[in-house]
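Structure record follows, encoded as structure tokens.
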Amino acid sequence: INIDNRESYSGSGRKLGEWFLQDHHNDLLELLRAKAPMGIEKKLTDGKNAVQHSTLFKLPTEILDMVVAELRGDDALFNFAITCKAIFVIAERHLVKFYEELFPSWRDCRIICIGDSMGDEDELPAGILTESEREKQISCYSTLVETVKNDRFEQLKHFQSDTGSAALWKKRAWGPHGYTSMAPDATFWADIWMLGGLHQHAEQVSTTSQVDREVLCNVSKREYVRDLALYDPEIPQCVTLAHALITLICWSRSADYALAYNIQAVRDMKRGRWAGDRFRIETEDALADLKRQGEDWTDITEEVGVVLRHLVKNNRHDWGGESDED
């Protein structure tokens with residue numbers, strides 16, 4: 001759960017072991033990375049622009065901007081924005097604002113993986129709630145869950161189905177008189193490309209390149225985990241920094257995770273010491289800049305690596321191997 005944004009992450013309602021090693025969880029990492037600017041206006045305005053003869057374009061740009069600003073609902077704004085390049089250039093800043101409000105970043109937000117076995121008498125980690133939240137009597141699992149607005153990725157999936165390439169194909173295939181077998185033309189594929197660029201912004205496309213070494217930073221405790229912890233022959237490539245994060249933010253009454261692990265060999269995960277803290281993904285260069293600013297940071301990479309190696313070794317069946325429990 002993202003306490004600040006009141007959003008949940010897919011996987012809620014199931015035991016940890018039922019989803020922990022079943023996916024790379026890169027979508028969670030994307031939410032914690034620095035987001036790149038929308039940056040598609042130049043691509044859309046490259047090449048020729050069709051001359052627009054509609055009387056709409058006799059209006060000054062300032063008036064058209066006011067028209068766009070008054071549009072209500074994502075369908076109206078989105079469909080008007082992709083009418084043509086001239087309209088898109090005017091509507092772009094409104095789209096950026098719309099996406100940022102609909103799909104806010106999770107960087108520096110309080111995040112906790114909380115077990116549904118928690119009862120009203122079980123309190124959240126000390127110090128993670130603001131004074132206003134405490135005044136609203138948000139103090140335990142049930143009162144926190146009641147404030148969650150939506151599942152982030154279910155919301156994104158529905159948004160894409162309503163406004164993405166599938167929706168565009170449906171509009172193309174179903175004309176006013178029913179189904180048409182008209183083949184897609186260059187304009188159709190250009191629209192598909194435009195939709196892809198817009199949805200990338202909604203999906204938090206990051207500034208991090210594939211060659212950058214990444215670091216999971218706990219900005220509350222000034223601790224970090226380097227992704228080098230994952231470059232280990234005992235850890236499969238499907239394990240990411242997201243798995244490292246999840247092992248540190250669990251908060252539950254029960255240790256029944258549907259995961260095989262030896263509590264004597266690794267720390268008990270049911271009271272994660274990072275639960276409810278604030279996080280971000282940075283490059284190693286960015287972390288070095290933070291250190292040069294005089295901030296003291298502690299590297300806990302090896303500690304987390306021990307936990308991940310133990311979990312992978314004892315739950316190999318979850319990623320296609322044979323478990324070797326110890």
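Naming scheme: A, B, ... for chains in displayed order of the structure tokens; residues 1 onward per chain; ligands 1 onward as shown.
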
Using backbone DSSP assignments, extract all alpha helix (DSSP H) residues from stretch 44-87 of chain A; output them as a PDB file with all heavy atoms, in the first residue's frame.
```pdb
ATOM      1  N   LEU A  44       6.077  14.141 -32.581  1.00  0.00           N
ATOM      2  CA  LEU A  44       4.783  14.277 -33.243  1.00  0.00           C
ATOM      3  C   LEU A  44       4.770  15.425 -34.243  1.00  0.00           C
ATOM      4  O   LEU A  44       4.011  15.401 -35.205  1.00  0.00           O
ATOM      5  CB  LEU A  44       3.687  14.488 -32.202  1.00  0.00           C
ATOM      6  CG  LEU A  44       3.380  13.285 -31.314  1.00  0.00           C
ATOM      7  CD1 LEU A  44       2.358  13.662 -30.278  1.00  0.00           C
ATOM      8  CD2 LEU A  44       2.877  12.116 -32.143  1.00  0.00           C
ATOM      9  N   THR A  45       5.592  16.431 -33.987  1.00  0.00           N
ATOM     10  CA  THR A  45       5.585  17.592 -34.875  1.00  0.00           C
ATOM     11  C   THR A  45       6.655  17.507 -35.948  1.00  0.00           C
ATOM     12  O   THR A  45       6.784  18.415 -36.758  1.00  0.00           O
ATOM     13  CB  THR A  45       5.776  18.889 -34.068  1.00  0.00           C
ATOM     14  OG1 THR A  45       6.960  18.778 -33.272  1.00  0.00           O
ATOM     15  CG2 THR A  45       4.593  19.141 -33.162  1.00  0.00           C
ATOM     16  N   THR A  61      -4.768  30.796 -30.334  1.00  0.00           N
ATOM     17  CA  THR A  61      -4.244  29.669 -29.572  1.00  0.00           C
ATOM     18  C   THR A  61      -4.680  29.741 -28.112  1.00  0.00           C
ATOM     19  O   THR A  61      -4.990  28.721 -27.481  1.00  0.00           O
ATOM     20  CB  THR A  61      -2.711  29.632 -29.650  1.00  0.00           C
ATOM     21  OG1 THR A  61      -2.322  29.504 -31.021  1.00  0.00           O
ATOM     22  CG2 THR A  61      -2.139  28.462 -28.859  1.00  0.00           C
ATOM     23  N   GLU A  62      -4.712  30.963 -27.565  1.00  0.00           N
ATOM     24  CA  GLU A  62      -5.092  31.124 -26.165  1.00  0.00           C
ATOM     25  C   GLU A  62      -6.523  30.643 -25.911  1.00  0.00           C
ATOM     26  O   GLU A  62      -6.817  30.051 -24.868  1.00  0.00           O
ATOM     27  CB  GLU A  62      -4.966  32.595 -25.738  1.00  0.00           C
ATOM     28  CG  GLU A  62      -3.544  33.136 -25.709  1.00  0.00           C
ATOM     29  CD  GLU A  62      -3.015  33.490 -27.082  1.00  0.00           C
ATOM     30  OE1 GLU A  62      -3.784  33.402 -28.061  1.00  0.00           O
ATOM     31  OE2 GLU A  62      -1.832  33.863 -27.167  1.00  0.00           O
ATOM     32  N   ILE A  63      -7.418  30.898 -26.881  1.00  0.00           N
ATOM     33  CA  ILE A  63      -8.805  30.449 -26.729  1.00  0.00           C
ATOM     34  C   ILE A  63      -8.891  28.931 -26.820  1.00  0.00           C
ATOM     35  O   ILE A  63      -9.610  28.280 -26.046  1.00  0.00           O
ATOM     36  CB  ILE A  63      -9.710  31.100 -27.784  1.00  0.00           C
ATOM     37  CG1 ILE A  63      -9.701  32.620 -27.635  1.00  0.00           C
ATOM     38  CG2 ILE A  63     -11.128  30.558 -27.676  1.00  0.00           C
ATOM     39  CD1 ILE A  63     -10.239  33.106 -26.300  1.00  0.00           C
ATOM     40  N   LEU A  64      -8.133  28.342 -27.756  1.00  0.00           N
ATOM     41  CA  LEU A  64      -8.118  26.882 -27.881  1.00  0.00           C
ATOM     42  C   LEU A  64      -7.583  26.239 -26.605  1.00  0.00           C
ATOM     43  O   LEU A  64      -8.078  25.196 -26.171  1.00  0.00           O
ATOM     44  CB  LEU A  64      -7.264  26.466 -29.083  1.00  0.00           C
ATOM     45  CG  LEU A  64      -7.851  26.788 -30.455  1.00  0.00           C
ATOM     46  CD1 LEU A  64      -6.855  26.443 -31.553  1.00  0.00           C
ATOM     47  CD2 LEU A  64      -9.158  26.034 -30.674  1.00  0.00           C
ATOM     48  N   ASP A  65      -6.573  26.860 -26.000  1.00  0.00           N
ATOM     49  CA  ASP A  65      -6.035  26.351 -24.747  1.00  0.00           C
ATOM     50  C   ASP A  65      -7.102  26.375 -23.658  1.00  0.00           C
ATOM     51  O   ASP A  65      -7.198  25.442 -22.845  1.00  0.00           O
ATOM     52  CB  ASP A  65      -4.826  27.184 -24.327  1.00  0.00           C
ATOM     53  CG  ASP A  65      -4.153  26.633 -23.081  1.00  0.00           C
ATOM     54  OD1 ASP A  65      -3.397  25.649 -23.205  1.00  0.00           O
ATOM     55  OD2 ASP A  65      -4.407  27.170 -21.987  1.00  0.00           O
ATOM     56  N   MET A  66      -7.910  27.423 -23.625  1.00  0.00           N
ATOM     57  CA  MET A  66      -8.991  27.511 -22.643  1.00  0.00           C
ATOM     58  C   MET A  66     -10.039  26.434 -22.894  1.00  0.00           C
ATOM     59  O   MET A  66     -10.611  25.873 -21.942  1.00  0.00           O
ATOM     60  CB  MET A  66      -9.620  28.903 -22.697  1.00  0.00           C
ATOM     61  CG  MET A  66      -8.701  30.023 -22.230  1.00  0.00           C
ATOM     62  SD  MET A  66      -9.381  31.677 -22.542  1.00  0.00           S
ATOM     63  CE  MET A  66     -10.830  31.636 -21.489  1.00  0.00           C
ATOM     64  N   VAL A  67     -10.300  26.144 -24.171  1.00  0.00           N
ATOM     65  CA  VAL A  67     -11.255  25.082 -24.517  1.00  0.00           C
ATOM     66  C   VAL A  67     -10.768  23.746 -23.976  1.00  0.00           C
ATOM     67  O   VAL A  67     -11.528  22.989 -23.350  1.00  0.00           O
ATOM     68  CB  VAL A  67     -11.456  25.012 -26.043  1.00  0.00           C
ATOM     69  CG1 VAL A  67     -12.270  23.765 -26.410  1.00  0.00           C
ATOM     70  CG2 VAL A  67     -12.155  26.266 -26.551  1.00  0.00           C
ATOM     71  N   VAL A  68      -9.487  23.449 -24.219  1.00  0.00           N
ATOM     72  CA  VAL A  68      -8.916  22.190 -23.738  1.00  0.00           C
ATOM     73  C   VAL A  68      -8.991  22.108 -22.212  1.00  0.00           C
ATOM     74  O   VAL A  68      -9.317  21.075 -21.639  1.00  0.00           O
ATOM     75  CB  VAL A  68      -7.457  22.039 -24.210  1.00  0.00           C
ATOM     76  CG1 VAL A  68      -6.821  20.789 -23.600  1.00  0.00           C
ATOM     77  CG2 VAL A  68      -7.396  21.972 -25.728  1.00  0.00           C
ATOM     78  N   ALA A  69      -8.688  23.212 -21.548  1.00  0.00           N
ATOM     79  CA  ALA A  69      -8.680  23.241 -20.079  1.00  0.00           C
ATOM     80  C   ALA A  69     -10.056  22.968 -19.494  1.00  0.00           C
ATOM     81  O   ALA A  69     -10.166  22.498 -18.352  1.00  0.00           O
ATOM     82  CB  ALA A  69      -8.163  24.592 -19.591  1.00  0.00           C
ATOM     83  N   ASP A  74     -11.414  11.877 -18.937  1.00  0.00           N
ATOM     84  CA  ASP A  74     -10.237  11.501 -19.705  1.00  0.00           C
ATOM     85  C   ASP A  74     -10.546  11.266 -21.174  1.00  0.00           C
ATOM     86  O   ASP A  74      -9.736  11.581 -22.045  1.00  0.00           O
ATOM     87  CB  ASP A  74      -9.583  10.260 -19.096  1.00  0.00           C
ATOM     88  CG  ASP A  74     -10.563   9.099 -18.960  1.00  0.00           C
ATOM     89  OD1 ASP A  74     -11.762   9.370 -18.835  1.00  0.00           O
ATOM     90  OD2 ASP A  74     -10.115   7.945 -18.968  1.00  0.00           O
ATOM     91  N   ASP A  75     -11.722  10.713 -21.497  1.00  0.00           N
ATOM     92  CA  ASP A  75     -12.052  10.442 -22.894  1.00  0.00           C
ATOM     93  C   ASP A  75     -12.108  11.729 -23.706  1.00  0.00           C
ATOM     94  O   ASP A  75     -11.574  11.801 -24.812  1.00  0.00           O
ATOM     95  CB  ASP A  75     -13.400   9.717 -23.001  1.00  0.00           C
ATOM     96  CG  ASP A  75     -13.294   8.259 -22.589  1.00  0.00           C
ATOM     97  OD1 ASP A  75     -12.150   7.776 -22.486  1.00  0.00           O
ATOM     98  OD2 ASP A  75     -14.335   7.636 -22.360  1.00  0.00           O
ATOM     99  N   ALA A  76     -12.768  12.754 -23.160  1.00  0.00           N
ATOM    100  CA  ALA A  76     -12.909  14.019 -23.899  1.00  0.00           C
ATOM    101  C   ALA A  76     -11.544  14.653 -24.143  1.00  0.00           C
ATOM    102  O   ALA A  76     -11.225  15.057 -25.268  1.00  0.00           O
ATOM    103  CB  ALA A  76     -13.810  14.974 -23.113  1.00  0.00           C
ATOM    104  N   LEU A  77     -10.719  14.741 -23.110  1.00  0.00           N
ATOM    105  CA  LEU A  77      -9.404  15.354 -23.253  1.00  0.00           C
ATOM    106  C   LEU A  77      -8.531  14.549 -24.188  1.00  0.00           C
ATOM    107  O   LEU A  77      -7.885  15.096 -25.088  1.00  0.00           O
ATOM    108  CB  LEU A  77      -8.737  15.467 -21.874  1.00  0.00           C
ATOM    109  CG  LEU A  77      -7.287  15.960 -21.850  1.00  0.00           C
ATOM    110  CD1 LEU A  77      -7.187  17.343 -22.472  1.00  0.00           C
ATOM    111  CD2 LEU A  77      -6.749  15.964 -20.425  1.00  0.00           C
ATOM    112  N   PHE A  78      -8.508  13.242 -23.988  1.00  0.00           N
ATOM    113  CA  PHE A  78      -7.633  12.379 -24.776  1.00  0.00           C
ATOM    114  C   PHE A  78      -8.019  12.393 -26.254  1.00  0.00           C
ATOM    115  O   PHE A  78      -7.171  12.573 -27.134  1.00  0.00           O
ATOM    116  CB  PHE A  78      -7.707  10.960 -24.215  1.00  0.00           C
ATOM    117  CG  PHE A  78      -6.677  10.032 -24.771  1.00  0.00           C
ATOM    118  CD1 PHE A  78      -5.423   9.957 -24.196  1.00  0.00           C
ATOM    119  CD2 PHE A  78      -6.958   9.240 -25.860  1.00  0.00           C
ATOM    120  CE1 PHE A  78      -4.463   9.099 -24.707  1.00  0.00           C
ATOM    121  CE2 PHE A  78      -6.009   8.384 -26.379  1.00  0.00           C
ATOM    122  CZ  PHE A  78      -4.753   8.306 -25.795  1.00  0.00           C
ATOM    123  N   ASN A  79      -9.294  12.208 -26.533  1.00  0.00           N
ATOM    124  CA  ASN A  79      -9.736  12.138 -27.926  1.00  0.00           C
ATOM    125  C   ASN A  79      -9.562  13.466 -28.651  1.00  0.00           C
ATOM    126  O   ASN A  79      -9.230  13.502 -29.839  1.00  0.00           O
ATOM    127  CB  ASN A  79     -11.200  11.688 -27.993  1.00  0.00           C
ATOM    128  CG  ASN A  79     -11.371  10.237 -27.585  1.00  0.00           C
ATOM    129  OD1 ASN A  79     -10.497   9.418 -27.816  1.00  0.00           O
ATOM    130  ND2 ASN A  79     -12.497   9.923 -26.962  1.00  0.00           N
ATOM    131  N   PHE A  80      -9.787  14.569 -27.944  1.00  0.00           N
ATOM    132  CA  PHE A  80      -9.589  15.876 -28.574  1.00  0.00           C
ATOM    133  C   PHE A  80      -8.104  16.123 -28.829  1.00  0.00           C
ATOM    134  O   PHE A  80      -7.728  16.675 -29.868  1.00  0.00           O
ATOM    135  CB  PHE A  80     -10.162  16.978 -27.688  1.00  0.00           C
ATOM    136  CG  PHE A  80     -10.186  18.330 -28.356  1.00  0.00           C
ATOM    137  CD1 PHE A  80     -10.897  18.545 -29.525  1.00  0.00           C
ATOM    138  CD2 PHE A  80      -9.500  19.398 -27.798  1.00  0.00           C
ATOM    139  CE1 PHE A  80     -10.923  19.781 -30.142  1.00  0.00           C
ATOM    140  CE2 PHE A  80      -9.520  20.654 -28.401  1.00  0.00           C
ATOM    141  CZ  PHE A  80     -10.227  20.842 -29.582  1.00  0.00           C
ATOM    142  N   ALA A  81      -7.248  15.674 -27.910  1.00  0.00           N
ATOM    143  CA  ALA A  81      -5.808  15.916 -28.040  1.00  0.00           C
ATOM    144  C   ALA A  81      -5.221  15.227 -29.260  1.00  0.00           C
ATOM    145  O   ALA A  81      -4.300  15.747 -29.891  1.00  0.00           O
ATOM    146  CB  ALA A  81      -5.086  15.461 -26.777  1.00  0.00           C
ATOM    147  N   LYS A  85      -2.043  17.191 -35.013  1.00  0.00           N
ATOM    148  CA  LYS A  85      -0.828  17.671 -34.363  1.00  0.00           C
ATOM    149  C   LYS A  85      -1.020  19.055 -33.755  1.00  0.00           C
ATOM    150  O   LYS A  85      -0.520  19.347 -32.669  1.00  0.00           O
ATOM    151  CB  LYS A  85       0.327  17.694 -35.349  1.00  0.00           C
ATOM    152  CG  LYS A  85       0.809  16.311 -35.778  1.00  0.00           C
ATOM    153  CD  LYS A  85       1.963  16.435 -36.767  1.00  0.00           C
ATOM    154  CE  LYS A  85       2.457  15.064 -37.200  1.00  0.00           C
ATOM    155  NZ  LYS A  85       3.558  15.182 -38.176  1.00  0.00           N
ATOM    156  N   ALA A  86      -1.722  19.907 -34.468  1.00  0.00           N
ATOM    157  CA  ALA A  86      -1.901  21.279 -33.985  1.00  0.00           C
ATOM    158  C   ALA A  86      -2.624  21.305 -32.638  1.00  0.00           C
ATOM    159  O   ALA A  86      -2.260  22.064 -31.734  1.00  0.00           O
ATOM    160  CB  ALA A  86      -2.673  22.098 -35.023  1.00  0.00           C
ATOM    161  N   ILE A  87      -3.652  20.461 -32.496  1.00  0.00           N
ATOM    162  CA  ILE A  87      -4.381  20.395 -31.236  1.00  0.00           C
ATOM    163  C   ILE A  87      -3.533  19.732 -30.157  1.00  0.00           C
ATOM    164  O   ILE A  87      -3.529  20.160 -28.994  1.00  0.00           O
ATOM    165  CB  ILE A  87      -5.707  19.631 -31.410  1.00  0.00           C
ATOM    166  CG1 ILE A  87      -6.675  20.433 -32.284  1.00  0.00           C
ATOM    167  CG2 ILE A  87      -6.348  19.325 -30.064  1.00  0.00           C
ATOM    168  CD1 ILE A  87      -7.120  21.745 -31.650  1.00  0.00           C
TER     169      ILE A  87
END
```

Using only C-alpha atoms, find each residue of stretch 14-109 of chain A with at least one atom at most 12 Å away from an atom of stretch 232-236 of chain A; report its shortest atom-to-atom pair and that distance in Å (one decimal), sort the rows by chain and rising residue number, and return the result as a Markdown table.
```
| residue | atom | partner | partner_atom | distance |
| --- | --- | --- | --- | --- |
| A:Leu21 | CA | A:Pro236 | CA | 10.2 |
| A:Gln22 | CA | A:Pro236 | CA | 11.9 |
| A:Asp23 | CA | A:Pro236 | CA | 11.6 |
| A:His24 | CA | A:Pro236 | CA | 10.3 |
```

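Distance-wise, atom CA of A:Leu129 and atom CA of A:Cys250 end up 16.4 Å apart.
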
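Non-sequential neighbours of stretch 97-107 of chain A (distance at most 6 Å, separation of 6 or more positions within a chain, only C-alpha atoms) are Leu31, Leu32, Ala202, Phe279 and Arg280 of chain A.
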